[in-house]
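Text of target_7.json, listed as JSON, C-alpha atoms:
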```
[["chain", "number", "residue", "atom", "x", "y", "z"],
["A", 1, "MET", "CA", -3.82, 3.15, -61.13],
["A", 2, "ILE", "CA", -1.64, 5.79, -59.57],
["A", 3, "THR", "CA", 1.39, 3.50, -59.68],
["A", 4, "THR", "CA", 1.55, 3.45, -63.47],
["A", 5, "THR", "CA", 3.81, 5.82, -65.35],
["A", 6, "GLU", "CA", 0.94, 6.52, -67.73],
["A", 7, "TYR", "CA", -1.31, 7.71, -64.91],
["A", 8, "GLN", "CA", 1.39, 9.91, -63.45],
["A", 9, "GLN", "CA", 2.21, 11.48, -66.81],
["A", 10, "THR", "CA", -1.41, 12.45, -67.43],
["A", 11, "ASN", "CA", -2.29, 13.80, -64.00],
["A", 12, "ASP", "CA", -1.28, 16.73, -61.86],
["A", 13, "ILE", "CA", -0.92, 14.95, -58.53],
["A", 14, "ASP", "CA", -0.64, 16.68, -55.15],
["A", 15, "TRP", "CA", 1.89, 14.74, -53.11],
["A", 16, "PHE", "CA", 3.61, 15.38, -49.81],
["A", 17, "GLY", "CA", 6.94, 14.75, -48.16],
["A", 18, "ILE", "CA", 9.45, 15.97, -45.64],
["A", 19, "VAL", "CA", 12.47, 17.61, -47.28],
["A", 20, "ASN", "CA", 15.32, 18.71, -45.00],
["A", 21, "GLY", "CA", 12.93, 18.50, -42.06],
["A", 22, "LYS", "CA", 10.34, 20.78, -43.68],
["A", 23, "PRO", "CA", 6.80, 19.70, -44.64],
["A", 24, "CYS", "CA", 6.47, 20.11, -48.40],
["A", 25, "HIS", "CA", 3.68, 19.89, -50.95],
["A", 26, "PHE", "CA", 4.50, 19.11, -54.57],
["A", 27, "ALA", "CA", 2.29, 19.56, -57.63],
["A", 28, "SER", "CA", 3.54, 16.86, -59.99],
["A", 29, "ASN", "CA", 2.34, 18.49, -63.25],
["A", 30, "GLY", "CA", 2.68, 15.20, -65.12],
["A", 31, "GLY", "CA", 5.96, 14.19, -63.50],
["A", 32, "ARG", "CA", 6.82, 10.95, -61.75],
["A", 33, "ILE", "CA", 6.36, 10.66, -58.02],
["A", 34, "PRO", "CA", 8.48, 8.53, -55.66],
["A", 35, "GLU", "CA", 7.15, 5.03, -55.15],
["A", 36, "HIS", "CA", 7.35, 5.14, -51.36],
["A", 37, "VAL", "CA", 5.00, 8.12, -51.06],
["A", 38, "ILE", "CA", 2.19, 6.37, -52.94],
["A", 39, "LYS", "CA", 1.16, 4.01, -50.13],
["A", 40, "THR", "CA", -0.11, 6.82, -47.90],
["A", 41, "LEU", "CA", -0.91, 9.36, -50.62],
["A", 42, "ARG", "CA", -4.70, 9.08, -50.83],
["A", 43, "LYS", "CA", -5.04, 9.21, -47.05],
["A", 44, "LEU", "CA", -2.75, 12.24, -46.86],
["A", 45, "GLN", "CA", -4.56, 14.04, -49.68],
["A", 46, "SER", "CA", -7.81, 13.57, -47.86],
["A", 47, "GLU", "CA", -6.43, 14.67, -44.49],
["A", 48, "VAL", "CA", -4.67, 17.71, -45.99],
["A", 49, "ALA", "CA", -7.91, 18.76, -47.71],
["A", 50, "ARG", "CA", -9.49, 18.97, -44.26],
["A", 51, "LEU", "CA", -6.64, 20.85, -42.58],
["A", 52, "PRO", "CA", -7.46, 24.43, -41.57],
["A", 53, "GLU", "CA", -5.58, 27.36, -43.07],
["A", 54, "LYS", "CA", -3.78, 28.64, -39.99],
["A", 55, "THR", "CA", -0.96, 30.86, -41.16],
["A", 56, "ASP", "CA", -0.12, 33.53, -43.69],
["A", 57, "TYR", "CA", 2.11, 32.84, -46.68],
["A", 58, "GLU", "CA", 5.12, 34.29, -48.48],
["A", 59, "GLU", "CA", 5.82, 34.05, -52.17],
["A", 60, "GLY", "CA", 8.62, 31.69, -53.24],
["A", 61, "ASP", "CA", 10.47, 32.09, -56.53],
["A", 62, "THR", "CA", 8.93, 35.39, -57.64],
["A", 63, "GLU", "CA", 10.94, 35.58, -60.84],
["A", 64, "LYS", "CA", 9.74, 32.16, -62.02],
["A", 65, "ILE", "CA", 6.15, 32.97, -61.05],
["A", 66, "ASN", "CA", 6.31, 36.23, -63.02],
["A", 67, "GLU", "CA", 7.62, 34.36, -66.04],
["A", 68, "ILE", "CA", 4.78, 31.80, -65.90],
["A", 69, "VAL", "CA", 2.11, 34.44, -65.37],
["A", 70, "LYS", "CA", 3.45, 36.38, -68.35],
["A", 71, "GLU", "CA", 3.68, 33.35, -70.65],
["A", 72, "GLN", "CA", 0.69, 31.15, -69.86],
["A", 73, "TYR", "CA", -2.18, 33.60, -69.61],
["A", 74, "LYS", "CA", -1.94, 35.49, -72.88],
["A", 75, "TYR", "CA", -5.05, 33.69, -74.05],
["A", 76, "LEU", "CA", -7.19, 35.63, -71.56],
["A", 77, "SER", "CA", -6.98, 38.67, -73.81],
["A", 78, "GLU", "CA", -8.20, 36.65, -76.81],
["A", 79, "ASP", "CA", -11.79, 36.51, -78.02],
["A", 80, "GLY", "CA", -13.98, 33.98, -76.29],
["A", 81, "TYR", "CA", -12.22, 33.80, -72.94],
["A", 82, "LEU", "CA", -13.32, 35.50, -69.76],
["A", 83, "LYS", "CA", -10.88, 37.19, -67.43],
["A", 84, "ILE", "CA", -12.59, 36.40, -64.14],
["A", 85, "PHE", "CA", -9.52, 36.39, -61.87],
["A", 86, "PRO", "CA", -6.09, 38.01, -62.27],
["A", 87, "PRO", "CA", -3.62, 35.52, -63.82],
["A", 88, "ARG", "CA", -1.40, 35.60, -60.75],
["A", 89, "THR", "CA", -4.28, 34.54, -58.51],
["A", 90, "MET", "CA", -5.27, 31.82, -60.99],
["A", 91, "TYR", "CA", -1.77, 30.41, -60.96],
["A", 92, "MET", "CA", -1.08, 30.68, -57.25],
["A", 93, "TRP", "CA", -4.32, 29.86, -55.44],
["A", 94, "SER", "CA", -3.67, 26.16, -54.84],
["A", 95, "PHE", "CA", -0.08, 26.77, -53.72],
["A", 96, "ILE", "CA", -1.18, 29.59, -51.42],
["A", 97, "GLN", "CA", -3.80, 27.31, -49.92],
["A", 98, "MET", "CA", -1.12, 24.73, -49.13],
["A", 99, "ALA", "CA", 1.24, 27.35, -47.69],
["A", 100, "GLN", "CA", -1.54, 28.64, -45.45],
["A", 101, "LYS", "CA", -1.94, 25.10, -44.15],
["A", 102, "GLY", "CA", 1.77, 25.06, -43.28],
["A", 103, "PHE", "CA", 3.41, 23.41, -46.32],
["A", 104, "TYR", "CA", 6.28, 24.64, -48.46],
["A", 105, "SER", "CA", 4.46, 24.43, -51.77],
["A", 106, "TYR", "CA", 6.37, 23.50, -54.93],
["A", 107, "ASP", "CA", 5.35, 23.30, -58.57],
["A", 108, "ARG", "CA", 7.12, 21.21, -61.19],
["A", 109, "ASP", "CA", 8.72, 22.84, -64.20],
["A", 110, "ALA", "CA", 7.94, 20.30, -66.94],
["A", 111, "GLU", "CA", 10.76, 21.52, -69.18],
["A", 112, "THR", "CA", 13.56, 21.00, -66.69],
["A", 113, "ASP", "CA", 11.86, 18.37, -64.49],
["A", 114, "THR", "CA", 12.73, 20.39, -61.39],
["A", 115, "TYR", "CA", 10.54, 21.69, -58.60],
["A", 116, "PHE", "CA", 10.49, 25.38, -57.68],
["A", 117, "LEU", "CA", 9.03, 27.03, -54.60],
["A", 118, "VAL", "CA", 5.79, 28.91, -55.24],
["A", 119, "ALA", "CA", 4.66, 29.70, -51.71],
["A", 120, "LYS", "CA", 5.85, 29.08, -48.16],
["A", 121, "PRO", "CA", 4.22, 29.43, -44.74],
["A", 122, "LYS", "CA", 5.14, 32.30, -42.45],
["A", 123, "ASP", "CA", 4.79, 30.01, -39.45],
["A", 124, "GLU", "CA", 6.34, 26.57, -40.00],
["A", 125, "ASP", "CA", 5.18, 25.12, -36.72],
["A", 126, "VAL", "CA", 1.50, 24.76, -37.54],
["A", 127, "LEU", "CA", 2.17, 21.28, -38.94],
["A", 128, "LYS", "CA", 4.48, 19.94, -36.25],
["A", 129, "ASP", "CA", 2.04, 17.17, -35.25],
["A", 130, "PHE", "CA", 1.13, 16.32, -38.81],
["A", 131, "LYS", "CA", 4.74, 15.93, -39.98],
["A", 132, "SER", "CA", 5.09, 12.47, -38.45],
["A", 133, "LYS", "CA", 2.55, 11.11, -40.97],
["A", 134, "MET", "CA", 4.57, 12.30, -43.96],
["A", 135, "PRO", "CA", 7.23, 10.29, -45.83],
["A", 136, "VAL", "CA", 10.77, 11.61, -46.14],
["A", 137, "VAL", "CA", 11.88, 12.69, -49.61],
["A", 138, "ILE", "CA", 15.52, 13.05, -50.61],
["A", 139, "ILE", "CA", 16.86, 15.93, -52.66],
["A", 140, "LYS", "CA", 19.10, 14.88, -55.53],
["A", 141, "LYS", "CA", 20.37, 18.33, -56.36],
["A", 142, "GLU", "CA", 19.74, 21.90, -55.25],
["A", 143, "ASN", "CA", 20.20, 24.33, -58.11],
["A", 144, "GLY", "CA", 21.52, 27.82, -57.69],
["A", 145, "ASN", "CA", 18.20, 29.42, -58.62],
["A", 146, "GLY", "CA", 16.44, 27.77, -55.65],
["A", 147, "SER", "CA", 14.82, 24.97, -57.65],
["A", 148, "ILE", "CA", 15.34, 21.38, -56.53],
["A", 149, "GLU", "CA", 15.68, 18.01, -58.19],
["A", 150, "LEU", "CA", 14.27, 15.10, -56.23],
["A", 151, "GLU", "CA", 15.60, 11.60, -55.91],
["A", 152, "ILE", "CA", 13.00, 9.38, -57.59],
["A", 153, "PRO", "CA", 14.42, 5.84, -57.85],
["A", 154, "PRO", "CA", 13.08, 3.48, -60.53],
["A", 155, "TYR", "CA", 9.97, 1.58, -59.49],
["A", 156, "LYS", "CA", 10.29, -2.03, -58.51],
["A", 157, "ILE", "CA", 6.86, -2.94, -59.88],
["A", 158, "ILE", "CA", 4.98, -1.00, -62.50],
["A", 159, "GLU", "CA", 1.38, -2.15, -62.47],
["A", 160, "LYS", "CA", -0.63, -1.96, -65.64],
["B", 1, "MET", "CA", -7.55, 23.56, -86.24],
["B", 2, "ARG", "CA", -7.68, 26.06, -83.40],
["B", 3, "THR", "CA", -11.02, 27.66, -82.53],
["B", 4, "ASN", "CA", -12.13, 30.68, -80.52],
["B", 5, "ASP", "CA", -15.75, 29.55, -80.45],
["B", 6, "ARG", "CA", -17.25, 31.66, -77.66],
["B", 7, "ILE", "CA", -19.49, 28.97, -76.20],
["B", 8, "LEU", "CA", -16.73, 26.38, -76.20],
["B", 9, "CYS", "CA", -14.11, 28.72, -74.71],
["B", 10, "LYS", "CA", -16.41, 29.95, -71.96],
["B", 11, "ASN", "CA", -17.48, 26.41, -71.13],
["B", 12, "LEU", "CA", -13.88, 25.25, -71.10],
["B", 13, "GLN", "CA", -13.24, 27.71, -68.29],
["B", 14, "ASN", "CA", -16.35, 26.44, -66.51],
["B", 15, "TYR", "CA", -15.17, 22.86, -66.99],
["B", 16, "CYS", "CA", -11.84, 23.84, -65.46],
["B", 17, "THR", "CA", -13.64, 25.15, -62.38],
["B", 18, "LYS", "CA", -15.77, 22.01, -62.20],
["B", 19, "VAL", "CA", -12.68, 19.78, -62.25],
["B", 20, "ILE", "CA", -11.16, 21.75, -59.35],
["B", 21, "CYS", "CA", -14.39, 21.61, -57.32],
["B", 22, "ASP", "CA", -14.77, 17.86, -57.94],
["B", 23, "VAL", "CA", -11.23, 17.12, -56.79],
["B", 24, "GLN", "CA", -11.59, 19.20, -53.64],
["B", 25, "TYR", "CA", -14.99, 17.66, -52.88],
["B", 26, "TYR", "CA", -13.91, 14.03, -53.32],
["B", 27, "ARG", "CA", -10.90, 14.60, -51.08],
["B", 28, "ILE", "CA", -12.86, 16.30, -48.32],
["B", 29, "VAL", "CA", -15.61, 13.69, -48.20],
["B", 30, "ASN", "CA", -12.94, 10.98, -48.65],
["B", 31, "CYS", "CA", -15.01, 9.31, -51.34],
["B", 32, "LYS", "CA", -13.52, 5.84, -51.67],
["B", 33, "ASN", "CA", -15.11, 5.06, -55.05],
["B", 34, "GLN", "CA", -13.56, 8.11, -56.66],
["B", 35, "LYS", "CA", -9.90, 7.68, -55.76],
["B", 36, "ASP", "CA", -8.74, 8.48, -59.29],
["B", 37, "ASP", "CA", -10.63, 11.77, -59.10],
["B", 38, "TYR", "CA", -8.42, 12.84, -56.18],
["B", 39, "ASP", "CA", -6.01, 14.18, -58.80],
["B", 40, "TYR", "CA", -6.34, 16.98, -61.30],
["B", 41, "PRO", "CA", -5.86, 15.95, -64.91],
["B", 42, "ALA", "CA", -2.66, 17.47, -66.28],
["B", 43, "VAL", "CA", -4.49, 18.94, -69.29],
["B", 44, "ILE", "CA", -8.05, 19.63, -70.46],
["B", 45, "VAL", "CA", -9.19, 20.83, -73.88],
["B", 46, "GLY", "CA", -12.41, 21.61, -75.74],
["B", 47, "CYS", "CA", -13.27, 20.20, -79.16],
["B", 48, "LYS", "CA", -15.91, 21.18, -81.72],
["B", 49, "TYR", "CA", -17.11, 19.14, -84.68],
["B", 50, "ARG", "CA", -20.08, 20.53, -86.62],
["B", 51, "SER", "CA", -22.51, 21.52, -83.86],
["B", 52, "PHE", "CA", -21.04, 19.18, -81.27],
["B", 53, "ARG", "CA", -18.90, 20.53, -78.47],
["B", 54, "ARG", "CA", -17.16, 18.29, -75.98],
["B", 55, "PHE", "CA", -14.34, 18.44, -73.42],
["B", 56, "GLY", "CA", -11.54, 16.00, -72.90],
["B", 57, "ARG", "CA", -9.01, 15.37, -70.17],
["B", 58, "SER", "CA", -5.66, 13.69, -70.23],
["B", 59, "ALA", "CA", -5.89, 10.26, -68.65],
["B", 60, "GLY", "CA", -4.06, 6.96, -68.38],
["B", 61, "SER", "CA", -6.15, 5.53, -71.14],
["B", 62, "HIS", "CA", -9.34, 6.65, -72.80],
["B", 63, "LEU", "CA", -10.31, 3.17, -73.83],
["B", 64, "HIS", "CA", -13.07, 3.14, -71.23],
["B", 65, "GLN", "CA", -14.86, 5.68, -73.38],
["B", 66, "TYR", "CA", -15.40, 3.08, -76.06],
["B", 67, "SER", "CA", -17.67, 1.00, -73.87],
["B", 68, "ARG", "CA", -20.20, 3.82, -73.90],
["B", 69, "THR", "CA", -20.48, 3.63, -77.63],
["B", 70, "LYS", "CA", -20.74, -0.06, -78.28],
["B", 71, "ASN", "CA", -24.13, 0.38, -79.95],
["B", 72, "LEU", "CA", -22.92, 3.03, -82.34],
["B", 73, "ASN", "CA", -20.72, 0.80, -84.44],
["B", 74, "LEU", "CA", -18.41, 3.74, -84.60],
["B", 75, "HIS", "CA", -15.81, 2.84, -82.10],
["B", 76, "SER", "CA", -13.96, 0.49, -84.38],
["B", 77, "ALA", "CA", -14.04, 3.06, -87.17],
["B", 78, "VAL", "CA", -12.65, 5.75, -84.92],
["B", 79, "ASP", "CA", -10.15, 3.32, -83.63],
["B", 80, "GLU", "CA", -9.04, 2.61, -87.17],
["B", 81, "VAL", "CA", -8.80, 6.26, -88.20],
["B", 82, "VAL", "CA", -7.07, 7.36, -85.04],
["B", 83, "SER", "CA", -4.71, 4.42, -85.07],
["B", 84, "ASP", "CA", -3.86, 5.11, -88.67],
["B", 85, "VAL", "CA", -3.18, 8.77, -88.04],
["B", 86, "TYR", "CA", -1.23, 7.89, -84.96],
["B", 87, "ALA", "CA", 0.81, 5.42, -86.88],
["B", 88, "ARG", "CA", 1.72, 8.20, -89.29],
["B", 89, "ALA", "CA", 2.44, 10.63, -86.48],
["B", 90, "ASP", "CA", 4.49, 7.96, -84.86],
["B", 91, "LYS", "CA", 6.63, 7.64, -87.95],
["B", 92, "SER", "CA", 7.03, 11.38, -88.27],
["B", 93, "ASN", "CA", 8.25, 12.12, -84.78],
["B", 94, "GLY", "CA", 9.11, 8.75, -83.34],
["B", 95, "LYS", "CA", 6.76, 9.05, -80.38],
["B", 96, "TRP", "CA", 3.81, 6.93, -79.37],
["B", 97, "TYR", "CA", 1.44, 8.34, -76.81],
["B", 98, "ASP", "CA", -1.17, 5.59, -76.80],
["B", 99, "ARG", "CA", -4.02, 8.03, -76.77],
["B", 100, "THR", "CA", -3.59, 9.59, -73.39],
["B", 101, "CYS", "CA", -3.91, 13.21, -74.51],
["B", 102, "ALA", "CA", -6.92, 15.36, -73.68],
["B", 103, "GLU", "CA", -7.27, 16.11, -77.41],
["B", 104, "ASP", "CA", -7.91, 12.43, -78.16],
["B", 105, "HIS", "CA", -10.53, 12.21, -75.47],
["B", 106, "ALA", "CA", -12.34, 15.34, -76.64],
["B", 107, "ALA", "CA", -12.11, 14.32, -80.31],
["B", 108, "SER", "CA", -13.44, 10.84, -79.60],
["B", 109, "LEU", "CA", -16.40, 12.22, -77.65],
["B", 110, "CYS", "CA", -17.21, 14.66, -80.46],
["B", 111, "LEU", "CA", -17.03, 12.01, -83.14],
["B", 112, "PHE", "CA", -19.16, 9.62, -81.15],
["B", 113, "ALA", "CA", -21.72, 12.32, -80.45],
["B", 114, "SER", "CA", -22.00, 13.25, -84.11],
["B", 115, "LYS", "CA", -22.90, 9.66, -85.12],
["B", 116, "GLU", "CA", -21.82, 10.58, -88.62],
["B", 117, "GLN", "CA", -19.19, 9.39, -90.97],
["B", 118, "ILE", "CA", -15.74, 9.82, -89.61],
["B", 119, "PRO", "CA", -14.16, 12.77, -91.41],
["B", 120, "ASN", "CA", -11.36, 11.91, -93.78],
["B", 121, "SER", "CA", -9.27, 14.57, -92.23],
["B", 122, "LEU", "CA", -9.15, 14.95, -88.48],
["B", 123, "SER", "CA", -8.09, 18.53, -89.02],
["B", 124, "LYS", "CA", -11.82, 19.28, -89.45],
["B", 125, "LEU", "CA", -12.04, 18.98, -85.68],
["B", 126, "GLU", "CA", -11.58, 22.34, -83.98],
["B", 127, "PHE", "CA", -9.85, 22.71, -80.64],
["B", 128, "THR", "CA", -9.61, 25.33, -77.95],
["B", 129, "ILE", "CA", -6.27, 25.96, -76.32],
["B", 130, "ALA", "CA", -5.20, 23.28, -73.84],
["B", 131, "LEU", "CA", -5.33, 24.27, -70.17],
["B", 132, "ARG", "CA", -3.78, 22.99, -66.98],
["B", 133, "PRO", "CA", -6.88, 22.88, -64.75],
["B", 134, "ARG", "CA", -5.06, 23.55, -61.48],
["B", 135, "THR", "CA", -3.75, 26.90, -62.67],
["B", 136, "GLY", "CA", -5.84, 27.69, -65.73],
["B", 137, "GLY", "CA", -2.54, 28.27, -67.56],
["B", 138, "GLU", "CA", -2.12, 27.46, -71.24],
["B", 139, "VAL", "CA", -0.28, 24.26, -72.12],
["B", 140, "GLU", "CA", 1.32, 23.72, -75.49],
["B", 141, "TYR", "CA", -0.15, 20.96, -77.68],
["B", 142, "CYS", "CA", 2.15, 17.97, -77.92],
["B", 143, "ASN", "CA", 3.85, 17.19, -81.23],
["B", 144, "THR", "CA", 1.67, 14.17, -81.87],
["B", 145, "CYS", "CA", -1.54, 16.15, -81.45],
["B", 146, "LYS", "CA", -0.15, 18.83, -83.74],
["B", 147, "ALA", "CA", 0.46, 16.17, -86.37],
["B", 148, "VAL", "CA", -2.80, 14.26, -85.85],
["B", 149, "PHE", "CA", -5.21, 17.18, -85.65],
["B", 150, "GLY", "CA", -3.32, 19.75, -87.67],
["B", 151, "LEU", "CA", -2.98, 22.15, -84.76]]
```
Spell out the structure here as structure tokens.
Amino acid sequence: MITTTEYQQTNDIDWFGIVNGKPCHFASNGGRIPEHVIKTLRKLQSEVARLPEKTDYEEGDTEKINEIVKEQYKYLSEDGYLKIFPPRTMYMWSFIQMAQKGFYSYDRDAETDTYFLVAKPKDEDVLKDFKSKMPVVIIKKENGNGSIELEIPPYKIIEK
Amino acid sequence: MRTNDRILCKNLQNYCTKVICDVQYYRIVNCKNQKDDYDYPAVIVGCKYRSFRRFGRSAGSHLHQYSRTKNLNLHSAVDEVVSDVYARADKSNGKWYDRTCAEDHAASLCLFASKEQIPNSLSKLEFTIALRPRTGGEVEYCNTCKAVFGL
């Protein structure tokens, strides 16, 4: 069940919300997601999967992306592994896809439990009709480096 | 123990691609029976024991795997060994993960497939690196898995 902490900790969930009036996509990377977004999540995931890619994208936090690409893909030069795509493409493809659909696409840094921007759309208006279906998410703290902490209140009911 | 077994490593990358394709497919066709497959697992890993190679994914609980093996009379043995090792790991680092790691899943599948005696030491199981399927990036093993499987 998606509502359990256990499920959320072991899955990398795509979830969506409006932050400061902008349509955002978040990759949870094992983090907790706000309770109020869960009700419409499956429907949104399905609808977003069928959205066309209408705009170009821009990279978000390039420094952070460089750091990840440098750290997490060393294994590709080891014996046994195939280097089919460049590490940067491997890391970014899903975020680029979301940005091309019109979302500001964030990934979660598991160490700091903050979200950082990976890709953003060049044209924000492609989702102006879709935005009304998305729940509003509140930012707890904006850090100087551009990463954000989200307000995720404790759940009222944790189903097992 | 860590392995660079060519077949296992190559197939781990293929498994990663399969997970991505499955998620995208289920979402697009809006498959109502597969709602839990709308999400990528946080981690996947490959495991090798003797000639058996299997893949595991992190999940809320891997207990459902035991139902597959009810005729093998092995599930309780594995349960005992894993619980015991977990109990020790628990004491050593104070954490209890309740078998949600991809390593547990892969190890269980390998041990079930082998239908042999459970090894005295789980460090005889060999593991690939752990990957985040969405990005194909390497994920560090958790402290419990390091303790349990000698990684």
Distance in Å - atom CA of B:Phe52 versus atom CA of B:Pro133: 22.1 Å
Check: which chain B residues lie within 9 Å of chain A using all atoms listed in the file, as an MDAnalysis selection string: chainID B and resid 4:10 12:13 24:30 35:36 38:43 57:61 100:102 129 132:139
Interatomic distance, atom CA of B:Asp22 to atom CA of A:Arg32 (Å, one decimal):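 Value for the atom CA of B:Asp22-atom CA of A:Arg32 distance: 23.0 Å.
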Between atom CA of A:Glu151 and atom CA of A:Ile139 - distance in Å to one decimal: 5.6 Å
Point (-3.2, 23.1, -78.1) neighbourhood (6 Å, all atoms listed in the file) written as an MDAnalysis selection string: chainID B and resid 129:130 140:141
